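Asks: Starting off with a structure, shown below.
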Amino acid sequence: MKDEKKVLMKVRNLTKEFKIKASKFGEQPQILHAVNDVSVDIYEGETLGIIGESGCGKSTFGKTLIQLHKATSGSVEYNGRDIFSLQGKELKDLKRDIQMVFQDPYSSLDPRKTAAKIIAEPLVVHKLEPDKKKRDDKVLGLMREVGLDVQHVNRFPHEFSGGQRQRINVARALALNPKLIICDEPVSALDVSIQAQVLNLFNRLQKEYNLTYVFISHDLGVIKHVSDRIAIMYLGRIVELCDADKLYDNPLHPYTKALLSAIPTESPFVKKERIVLKGDIPSPIGEQIGCPLAGRCPQCMERCRKETPKLMNQGEGHQVACFLYDEK
Amino acid sequence: MSAQNTEALGAKAHEEMLKKERRANNVWNKLKRNKTAMIGLVIVLFMVIIAIFAPVITSVDPDEIHPLDTFLTPGQNGHIFGTDEFGRDLFARILYGSRVSIIVAVGGTIVAGIIGILLGLIAGYMGGFVDAVIMRIMDGLLAFPFVLLSIILMTVLGPGVVNVIIAIGVGNVPSFARVVRGEVHIVKNEEYCNAGRVIGVSNIRMLFSHILPNILSPVIVYATLGVAGAIISEAALSFLGLGISTPTSSWGSILRQGKDCLNTAPHVAMISGLFILVTVLGFNLLGDGIRDVLDPKMKK
């Protein structure tokens, strides 16, 4: 069934490294591996959830997809075209198809512009609606679509609540009729009650416009709610990739198991085994040898310290990067 | 139907409240509540008004020489501020001098502001090589003492109001560029600039539609305080004989004349000095007030 789906975006060996400037004169600059050799297919109409702890490179991954960061190596194909080689008009057209909703609804809206101007800006930039009257109508339509009161059209961002601001963000992203929206922790700055509203908005818009989401979050509950497939990231790598429902029932990677065991049970009477990983997440700075989890993994083998496991298929689209499941 | 009405009424009331809040938080209204800023503003407005209405306030020609009435003390023979070494009416000279002083100071600051903002925007936004080149040139300009730089410029350009404006402008460009560049560095990495990039906003639009409006408040504060500095600069240049040449009067040139007769007629230097002092104080108070209103974070 998977094979029938059209691949919208093909990410291959995407790597993003940041150079850290040497603090002392003459010192070699160190390299921070934010995203490391990530390969994933994004199917049309699905929601790919990306989950991982702080600093594991999930936001950097999202920003590299949308070219806010320049990738160090690897390729991203959108509809069969390498997006890193596009220039000029082609690049501008691509930007209409891929949009982003940012994490912080407070800083992602220009404080000097009204809601109407913010939402209209993509239309102006891409000259989609040269007629002012029609553009205003479209802006009002978008505001209604995301559940904003059209009377608030001339308000400034600081006059909105967090949830409303995030709705403005969504409206701005929708203005260009994108196919793919990268949501970088869009609800993590919001109250839990507002989170649900905004998530439902995302779900409704997906059905209406046949959108594809790459949904980045550190919240296991949120990811479970929205995702069709989930990728677990650890230290810049995808360690497990699986359909959402299967992942929660049958996690394979030791890190995923530990992560999922941290979800509190719904009933206080159910005893749950908690897998606690020892130690801290290792530094992403400098060269890495072996499996990123090797130092903390309870089932670590000799091989894990020497080689880096690649994502391997375990059937039914369940991929895992761990030597425990390598039949060799 | 009535439910709808109440809803509409509620929305209307809410809008009214919002308008009221906006009015209260309006920069002008905040400034009105700031007493020192208002004192500064009154002083500045007073100076601007006497500059504009100088011919209305006094009918005396500031350049008219009365060889018999030299060094009259204030109040003598109907000369409110007395007369100088040529018997020219000091009151009229101060009034007309305020025109030159304020025009030169404001003009110089505007010139410095426009060039400095443009250079700072480009340097801050482009970064890298362009940034390095522009800022090193600015550092080079800054390395010259202001007076030396002005002497060079005035020697090349020759005296005159426009040339003094250019000299003061060029001298103040580096500090403007630095302020702007620093602010651009902060703002350009804000998430809303990233959001603009995702949408596909061009560099020019990004600079002038998103970055510039968001860095404007510190620049306005800096410019207001810069006018105060420019008045002093003009006075210094004229005092050194490099600025406005005689017979055109400016506060600096009157001060210079007063220097030669400090013992016999101290009122010449004192009155012109007092006007410089009060005007600079006015601009400084206003600038501080605007800063308090525009970025409260900067308050100590």
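Letters for chains follow the order of the structure tokens (A, B, ...), residue numbers begin at 1 for each chain, and ligand numbers begin at 1 in the order shown.
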Asn203 of chain B: which residues within 10 Å, counting only C-alpha atoms, same-chain residues fewer than 6 positions away excluded, as a list in words?
Replies: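 My reading of the contact set: Tyr125, Met126, Gly196, Arg197 and Ser209 of chain B.
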Asks: Taking only C-alpha atoms into account, which residues of chain B are within 9 Å of chain A, as a PDB file with C-alpha atoms, in the first residue's frame?
Replies:
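What follows is the written file result.pdb:
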```pdb
ATOM      1  CA  ALA B  11     -16.989  43.268  19.516  1.00  0.00           C
ATOM      2  CA  GLU B  15     -12.448  47.391  19.535  1.00  0.00           C
ATOM      3  CA  LEU B  18      -8.221  48.319  22.031  1.00  0.00           C
ATOM      4  CA  GLU B 190      14.860  37.137  14.400  1.00  0.00           C
ATOM      5  CA  GLU B 191      12.381  34.449  13.502  1.00  0.00           C
ATOM      6  CA  TYR B 192      10.164  36.838  11.541  1.00  0.00           C
ATOM      7  CA  CYS B 193      13.047  37.498   9.168  1.00  0.00           C
ATOM      8  CA  ASN B 194      13.418  33.748   8.701  1.00  0.00           C
ATOM      9  CA  ALA B 195       9.697  33.614   8.091  1.00  0.00           C
ATOM     10  CA  GLY B 196      10.125  36.246   5.401  1.00  0.00           C
ATOM     11  CA  ARG B 197      12.872  34.212   3.768  1.00  0.00           C
ATOM     12  CA  VAL B 198      10.642  31.145   3.731  1.00  0.00           C
ATOM     13  CA  ILE B 199       7.957  33.139   1.959  1.00  0.00           C
ATOM     14  CA  GLY B 200      10.513  34.316  -0.570  1.00  0.00           C
ATOM     15  CA  VAL B 201      10.907  37.970   0.385  1.00  0.00           C
ATOM     16  CA  SER B 202      13.672  39.666  -1.589  1.00  0.00           C
ATOM     17  CA  ARG B 205      12.152  44.142   0.734  1.00  0.00           C
ATOM     18  CA  HIS B 210      11.106  44.347   7.859  1.00  0.00           C
ATOM     19  CA  PRO B 213      11.157  49.644  10.758  1.00  0.00           C
ATOM     20  CA  ASN B 214      12.308  47.401  13.567  1.00  0.00           C
TER      21      ASN B 214
END
```
Asks: Could you jot down the atom CA of Tyr234 of chain A to atom CA of Val214 of chain A separation for me, Å, one decimal place?
Replies: 16.9 Å
Asks: I'd like the neighbourhood of Glu85 of chain B as a PyMOL selection string, where a residue qualifies if any of its atoms comes within 9 Å (using only C-alpha atoms), though same-chain residues fewer than 3 positions away should be ignored.
Replies: chain B and resi 67+69-72+88+257-258+261+265
Asks: Could you find all residues in segment 177-264 of chain B that DSSP calls helix (DSSP H, G or I) from the backbone, and write them as a PyMOL selection string?
Replies: chain B and resi 177-187+191-199+203-239+251-260
Asks: How many Å separate atom CA of Met9 of chain A from atom CA of Ile42 of chain A?
Replies: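 It comes out at 5.0 Å.
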Asks: Give me the residues near segment 174-187 of chain B as a VMD selection string, where near means some atom within 9 Å (using only C-alpha atoms) and where sequence neighbours in that chain fewer than 2 positions away do not count.
Replies: chain B and resid 112 to 125 127 131 135 137 to 142 170 to 172 189 to 193 207 210 to 212 214 to 216 218 to 219 222 to 223
Asks: Save out the residues we just selected, C-alpha atoms, as a compact mmCIF listing (two decimals), in the first residue's frame.
Replies:
```
# COMPACT_ATOMS: atom_id res chain seq x y z
CA ALA B 112 24.95 61.44 8.65
CA GLY B 113 21.75 59.51 9.36
CA ILE B 114 20.91 58.75 5.73
CA ILE B 115 24.42 57.68 4.78
CA GLY B 116 25.05 55.92 8.08
CA ILE B 117 21.77 54.00 8.02
CA LEU B 118 22.33 52.83 4.45
CA LEU B 119 25.90 51.73 5.11
CA GLY B 120 24.96 50.12 8.41
CA LEU B 121 22.06 48.25 6.81
CA ILE B 122 24.23 46.93 4.00
CA ALA B 123 27.13 46.02 6.29
CA GLY B 124 24.94 44.37 8.89
CA TYR B 125 22.78 42.47 6.44
CA GLY B 127 28.03 40.46 6.57
CA ASP B 131 30.72 44.14 6.19
CA MET B 135 33.24 48.84 8.81
CA ILE B 137 36.44 52.35 6.37
CA MET B 138 34.19 53.56 9.18
CA ASP B 139 36.85 52.67 11.74
CA GLY B 140 39.33 54.58 9.65
CA LEU B 141 37.09 57.66 9.66
CA LEU B 142 36.56 57.26 13.37
CA VAL B 170 30.62 62.91 7.26
CA GLY B 171 32.08 63.10 10.73
CA ASN B 172 29.00 61.46 12.24
CA ASN B 189 18.31 36.68 12.93
CA GLU B 190 14.86 37.14 14.40
CA GLU B 191 12.38 34.45 13.50
CA TYR B 192 10.16 36.84 11.54
CA CYS B 193 13.05 37.50 9.17
CA LEU B 207 15.88 45.33 4.51
CA HIS B 210 11.11 44.35 7.86
CA ILE B 211 14.50 45.26 9.25
CA LEU B 212 14.48 49.05 8.94
CA ASN B 214 12.31 47.40 13.57
CA ILE B 215 15.63 49.15 14.13
CA LEU B 216 14.24 52.65 13.78
CA PRO B 218 17.24 53.27 18.63
CA VAL B 219 18.23 55.18 15.51
CA TYR B 222 20.61 58.30 18.52
CA ALA B 223 19.73 60.96 15.97
```
Asks: Running DSSP on the backbone, which parts of segment 108-318 of chain A land in strand (DSSP E), as a list in words?
Replies: Leu180, Ile181, Ile182, Cys183, Asp184, Thr212, Tyr213, Val214, Phe215, Ile216, Ser217, Arg229, Ile230, Ala231, Ile232, Met233, Tyr234, Arg237, Ile238, Val239, Glu240, Leu241, Cys242, Asp243, Met312 and Asn313 of chain A
Asks: What's the separation between atom CA of Asn77 of chain B and atom CA of His267 of chain B, in Å to one decimal place?
Replies: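 Atom CA of His267 of chain B lies at a distance of 15.4 Å from atom CA of Asn77 of chain B.
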Asks: Point out the residue among A:Ile50, A:Leu201, A:Val38, A:Leu277 with the least atom-to-atom distance to Ile182 of chain A, counting only C-alpha atoms.
Replies: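 Counting only C-alpha atoms, the residue closest to Ile182 of chain A is A:Ile50.
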Asks: What's the 10 Å shell around segment 215-220 of chain A, counting only C-alpha atoms, without same-chain residues fewer than 5 positions away, as number ranges by chain?
Replies: A: 47-54, 58-59, 61-62, 101, 103, 181-188, 225-227, 230-232, 248, 259-260, 262-263
Asks: Leaving out Ala167 of chain B and any residue of its chain fewer than 6 positions from it, which residues lie within 12 Å of it when counting only C-alpha atoms, given as a ChimeraX atom specification?
Replies: /B:104-105,107-109,111-112,146-161,173,230,233-234,237,242-244
